[in-house]
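Following: one structure in structure tokens, then a few remarks.
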Amino acid sequence: MARITLFRHGKAEMPSIAKTDFDRSLTSRGRLNAATMGNFIKDQAMLPDCVLISPAQRTRETFEIAATNWPSIPCHFCNSIYEGTASGLLLLIAERAADCKNVLIVGHNPGLVVLLNHMVGTHHTDRNLSYFPTSCVADVGFDVSRLGDMNAEEGALLSMIRVRDLNERKESL
């Protein structure tokens with residue numbers, strides 16, 4: 001089974017006149033949540049074959065923190081992820097990850113949530129797919145051996161984890 005894992009960047013600084021949106025950094029909470037999700041991805045054996053990352057400061061930081069304990073994985077910084085559309089993200093996957101079995105995209109809303117709904121929306125009804133907060137990770141599977149052979153509208157939601165879900169698990173233990 002091939003997979004596309006979507007990872008929204010961690011909580012970022014508020015917009016200000018002093019910084020462009022592109023240059024906003026993570027907050028302390030954003031850094032903590034990125035580390036939490038990075039450990040979750042590793043612990044759940046969801047490590048990708050390659051990573052496509054928006055070059056915005058907050059997405060680069062999210063990936064660097066999340067991947068601290070990961071093995072070396074080929075990464076590509078792709079301008080088209082910043083303010084990317086679902087169709088643009090699918091084109092990027094076709095261009096950069098067609099031969100991969102598993103790709104991780106570290107990016108932004110609304111592109112990620114629209115892509116998620118496009119891939120699994122018609123096959124999934126028991127979870128609100130529109131609520132995709134910062135540091136959220138959604139893992140979508142396709143019944144093919146490589147992403148270049150997938151039909152983008154036939155994905156199955158394997159998991160969707162929000163940081164608060166992980167925090168609630170810790171509290172219940």
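All residue names refer to the structure tokens as shown: chains lettered A, B, ... in order, residues numbered from 1 in each chain, ligands numbered from 1 in order.
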
Long-range neighbours of segment 38-40 of chain A as a PyMOL selection string, 10 Å cut-off, only C-alpha atoms, 6 positions minimum in chain: chain A and resi 7+32+46-47+62-70+135+137+161+163+166

Could you save the residues just selected, with C-alpha atoms, as an mmCIF file, in the first residue's frame?
```cif
data_model
loop_
_atom_site.group_PDB
_atom_site.id
_atom_site.type_symbol
_atom_site.label_atom_id
_atom_site.label_comp_id
_atom_site.auth_asym_id
_atom_site.auth_seq_id
_atom_site.Cartn_x
_atom_site.Cartn_y
_atom_site.Cartn_z
ATOM 1 C CA PHE A 7 1.559 17.239 8.103
ATOM 2 C CA LEU A 32 6.740 21.206 21.226
ATOM 3 C CA MET A 46 4.953 6.083 9.273
ATOM 4 C CA LEU A 47 8.373 7.309 8.095
ATOM 5 C CA THR A 62 8.348 21.890 11.832
ATOM 6 C CA PHE A 63 10.191 19.334 9.720
ATOM 7 C CA GLU A 64 13.599 19.928 11.332
ATOM 8 C CA ILE A 65 12.140 19.437 14.815
ATOM 9 C CA ALA A 66 9.913 16.496 13.871
ATOM 10 C CA ALA A 67 12.744 14.656 12.093
ATOM 11 C CA THR A 68 15.290 15.062 14.884
ATOM 12 C CA ASN A 69 15.266 11.316 15.656
ATOM 13 C CA TRP A 70 14.514 10.036 12.159
ATOM 14 C CA SER A 135 0.565 19.991 13.790
ATOM 15 C CA VAL A 137 -1.129 14.595 10.624
ATOM 16 C CA ILE A 161 -4.101 12.560 14.567
ATOM 17 C CA VAL A 163 -1.842 16.851 19.004
ATOM 18 C CA LEU A 166 -2.068 12.390 21.724
#
```

Contact residues around segment 147-156 of chain A with only C-alpha atoms at 8 Å, ignoring same-chain residues under 2 positions, as JSON, numbers by chain: {"A": [2, 3, 90, 93, 94, 97, 98, 99, 100, 101, 102, 118, 119, 120, 123, 124, 140, 141, 142, 143, 144, 145, 158]}

Distance in Å - atom CA of Met1 of chain A versus atom CA of Ser87 of chain A: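 Calculated distance between atom CA of Met1 of chain A and atom CA of Ser87 of chain A is 21.9 Å.
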
Please return as a PDB file with N, CA and C atoms, in the first residue's frame: the residues of chain A that backbone DSSP assigns to strand (DSSP E or B).
```
ATOM      1  N   ALA A   2       0.625   2.155  -0.921  1.00  0.00           N
ATOM      2  CA  ALA A   2       1.335   3.437  -0.965  1.00  0.00           C
ATOM      3  C   ALA A   2       0.593   4.434  -0.083  1.00  0.00           C
ATOM      4  N   ARG A   3       1.350   5.420   0.446  1.00  0.00           N
ATOM      5  CA  ARG A   3       0.742   6.376   1.379  1.00  0.00           C
ATOM      6  C   ARG A   3       1.194   7.802   1.081  1.00  0.00           C
ATOM      7  N   ILE A   4       0.273   8.725   1.336  1.00  0.00           N
ATOM      8  CA  ILE A   4       0.576  10.159   1.354  1.00  0.00           C
ATOM      9  C   ILE A   4       0.242  10.624   2.763  1.00  0.00           C
ATOM     10  N   THR A   5       1.242  11.160   3.445  1.00  0.00           N
ATOM     11  CA  THR A   5       1.035  11.673   4.795  1.00  0.00           C
ATOM     12  C   THR A   5       1.096  13.190   4.736  1.00  0.00           C
ATOM     13  N   LEU A   6       0.048  13.824   5.225  1.00  0.00           N
ATOM     14  CA  LEU A   6      -0.034  15.286   5.245  1.00  0.00           C
ATOM     15  C   LEU A   6       0.256  15.761   6.660  1.00  0.00           C
ATOM     16  N   PHE A   7       1.137  16.724   6.795  1.00  0.00           N
ATOM     17  CA  PHE A   7       1.559  17.239   8.103  1.00  0.00           C
ATOM     18  C   PHE A   7       1.499  18.757   8.030  1.00  0.00           C
ATOM     19  N   ARG A   8       0.523  19.326   8.746  1.00  0.00           N
ATOM     20  CA  ARG A   8       0.423  20.782   8.783  1.00  0.00           C
ATOM     21  C   ARG A   8       1.458  21.319   9.772  1.00  0.00           C
ATOM     22  N   ALA A  12       2.361  28.895  14.657  1.00  0.00           N
ATOM     23  CA  ALA A  12       3.323  29.935  14.271  1.00  0.00           C
ATOM     24  C   ALA A  12       3.017  31.259  14.963  1.00  0.00           C
ATOM     25  N   SER A  16       2.551  39.921  11.649  1.00  0.00           N
ATOM     26  CA  SER A  16       2.913  41.268  12.084  1.00  0.00           C
ATOM     27  C   SER A  16       3.478  42.053  10.913  1.00  0.00           C
ATOM     28  N   LYS A  19       7.310  41.125  10.009  1.00  0.00           N
ATOM     29  CA  LYS A  19       7.693  39.908   9.294  1.00  0.00           C
ATOM     30  C   LYS A  19       6.663  39.572   8.230  1.00  0.00           C
ATOM     31  N   LEU A  26       7.913  29.293  14.357  1.00  0.00           N
ATOM     32  CA  LEU A  26       7.057  28.563  15.287  1.00  0.00           C
ATOM     33  C   LEU A  26       7.091  29.206  16.661  1.00  0.00           C
ATOM     34  N   CYS A  50      10.321   9.842   1.009  1.00  0.00           N
ATOM     35  CA  CYS A  50      10.786  11.192   0.693  1.00  0.00           C
ATOM     36  C   CYS A  50       9.831  12.206   1.324  1.00  0.00           C
ATOM     37  N   VAL A  51      10.334  13.423   1.470  1.00  0.00           N
ATOM     38  CA  VAL A  51       9.575  14.490   2.107  1.00  0.00           C
ATOM     39  C   VAL A  51       9.546  15.694   1.169  1.00  0.00           C
ATOM     40  N   LEU A  52       8.358  16.262   1.003  1.00  0.00           N
ATOM     41  CA  LEU A  52       8.177  17.497   0.236  1.00  0.00           C
ATOM     42  C   LEU A  52       7.773  18.571   1.230  1.00  0.00           C
ATOM     43  N   ILE A  53       8.535  19.664   1.265  1.00  0.00           N
ATOM     44  CA  ILE A  53       8.373  20.667   2.315  1.00  0.00           C
ATOM     45  C   ILE A  53       8.218  22.053   1.700  1.00  0.00           C
ATOM     46  N   CYS A  75      14.789  14.961   1.058  1.00  0.00           N
ATOM     47  CA  CYS A  75      13.859  16.077   1.233  1.00  0.00           C
ATOM     48  C   CYS A  75      13.958  17.030   0.051  1.00  0.00           C
ATOM     49  N   HIS A  76      12.820  17.592  -0.292  1.00  0.00           N
ATOM     50  CA  HIS A  76      12.765  18.590  -1.362  1.00  0.00           C
ATOM     51  C   HIS A  76      11.951  19.780  -0.865  1.00  0.00           C
ATOM     52  N   PHE A  77      12.546  20.960  -0.933  1.00  0.00           N
ATOM     53  CA  PHE A  77      11.816  22.179  -0.597  1.00  0.00           C
ATOM     54  C   PHE A  77      11.149  22.653  -1.886  1.00  0.00           C
ATOM     55  N   ASN A 102       5.888   5.970  -0.158  1.00  0.00           N
ATOM     56  CA  ASN A 102       5.337   6.816   0.903  1.00  0.00           C
ATOM     57  C   ASN A 102       5.969   8.203   0.839  1.00  0.00           C
ATOM     58  N   VAL A 103       5.133   9.224   0.808  1.00  0.00           N
ATOM     59  CA  VAL A 103       5.628  10.600   0.805  1.00  0.00           C
ATOM     60  C   VAL A 103       4.982  11.359   1.955  1.00  0.00           C
ATOM     61  N   LEU A 104       5.750  12.257   2.542  1.00  0.00           N
ATOM     62  CA  LEU A 104       5.257  13.167   3.580  1.00  0.00           C
ATOM     63  C   LEU A 104       5.292  14.569   3.001  1.00  0.00           C
ATOM     64  N   ILE A 105       4.184  15.284   3.129  1.00  0.00           N
ATOM     65  CA  ILE A 105       4.128  16.685   2.700  1.00  0.00           C
ATOM     66  C   ILE A 105       3.959  17.539   3.943  1.00  0.00           C
ATOM     67  N   VAL A 106       4.896  18.457   4.161  1.00  0.00           N
ATOM     68  CA  VAL A 106       4.812  19.389   5.279  1.00  0.00           C
ATOM     69  C   VAL A 106       4.393  20.720   4.685  1.00  0.00           C
ATOM     70  N   GLY A 107       3.174  21.134   4.997  1.00  0.00           N
ATOM     71  CA  GLY A 107       2.645  22.314   4.336  1.00  0.00           C
ATOM     72  C   GLY A 107       1.636  23.090   5.151  1.00  0.00           C
ATOM     73  N   VAL A 137      -1.687  15.537  11.597  1.00  0.00           N
ATOM     74  CA  VAL A 137      -1.129  14.595  10.624  1.00  0.00           C
ATOM     75  C   VAL A 137      -2.251  13.683  10.143  1.00  0.00           C
ATOM     76  N   ALA A 138      -2.375  13.569   8.826  1.00  0.00           N
ATOM     77  CA  ALA A 138      -3.334  12.641   8.223  1.00  0.00           C
ATOM     78  C   ALA A 138      -2.566  11.712   7.293  1.00  0.00           C
ATOM     79  N   ASP A 139      -2.827  10.424   7.422  1.00  0.00           N
ATOM     80  CA  ASP A 139      -2.150   9.403   6.625  1.00  0.00           C
ATOM     81  C   ASP A 139      -3.187   8.758   5.708  1.00  0.00           C
ATOM     82  N   VAL A 140      -2.958   8.848   4.408  1.00  0.00           N
ATOM     83  CA  VAL A 140      -3.912   8.359   3.415  1.00  0.00           C
ATOM     84  C   VAL A 140      -3.252   7.235   2.616  1.00  0.00           C
ATOM     85  N   GLY A 141      -3.935   6.094   2.541  1.00  0.00           N
ATOM     86  CA  GLY A 141      -3.400   4.949   1.822  1.00  0.00           C
ATOM     87  C   GLY A 141      -4.074   4.740   0.477  1.00  0.00           C
ATOM     88  N   PHE A 142      -3.299   4.161  -0.446  1.00  0.00           N
ATOM     89  CA  PHE A 142      -3.786   3.849  -1.788  1.00  0.00           C
ATOM     90  C   PHE A 142      -3.383   2.417  -2.102  1.00  0.00           C
ATOM     91  N   ALA A 156      -7.788   5.937   1.162  1.00  0.00           N
ATOM     92  CA  ALA A 156      -8.450   5.503   2.400  1.00  0.00           C
ATOM     93  C   ALA A 156      -7.735   6.188   3.567  1.00  0.00           C
ATOM     94  N   LEU A 157      -8.495   6.829   4.421  1.00  0.00           N
ATOM     95  CA  LEU A 157      -7.905   7.482   5.585  1.00  0.00           C
ATOM     96  C   LEU A 157      -7.440   6.399   6.555  1.00  0.00           C
ATOM     97  N   LEU A 158      -6.121   6.296   6.728  1.00  0.00           N
ATOM     98  CA  LEU A 158      -5.548   5.306   7.639  1.00  0.00           C
ATOM     99  C   LEU A 158      -5.516   5.834   9.060  1.00  0.00           C
ATOM    100  N   SER A 159      -5.200   7.115   9.190  1.00  0.00           N
ATOM    101  CA  SER A 159      -5.225   7.753  10.510  1.00  0.00           C
ATOM    102  C   SER A 159      -5.236   9.260  10.332  1.00  0.00           C
ATOM    103  N   MET A 160      -5.773   9.926  11.329  1.00  0.00           N
ATOM    104  CA  MET A 160      -5.754  11.388  11.392  1.00  0.00           C
ATOM    105  C   MET A 160      -5.584  11.725  12.856  1.00  0.00           C
ATOM    106  N   ILE A 161      -4.450  12.308  13.173  1.00  0.00           N
ATOM    107  CA  ILE A 161      -4.101  12.560  14.567  1.00  0.00           C
ATOM    108  C   ILE A 161      -3.842  14.043  14.771  1.00  0.00           C
TER     109      ILE A 161
END
```

Residue list (alpha helix (DSSP H), DSSP) for segment 26-63 of chain A, as an MDAnalysis selection string: chainID A and resid 28:43 57:63

Shortest interatomic distance to Thr36 of chain A - which of A:Pro133, A:Pro71, A:Gly10, A:Gly84, counting only C-alpha atoms: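 Checking each candidate against Thr36 of chain A, we get A:Gly10 as the closest.
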
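Residues within 7 Å of Ala86 of chain A, counting only C-alpha atoms and excluding same-chain residues fewer than 3 positions away, are Leu89, Leu90, Gly111, Leu112, Val114 and Leu115 of chain A.
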
Polymer residues at most 8 Å from Ser80 of chain A, only C-alpha atoms, same-chain spacing of 6 or more positions, as a ChimeraX atom specification: /A:54,88-89,92
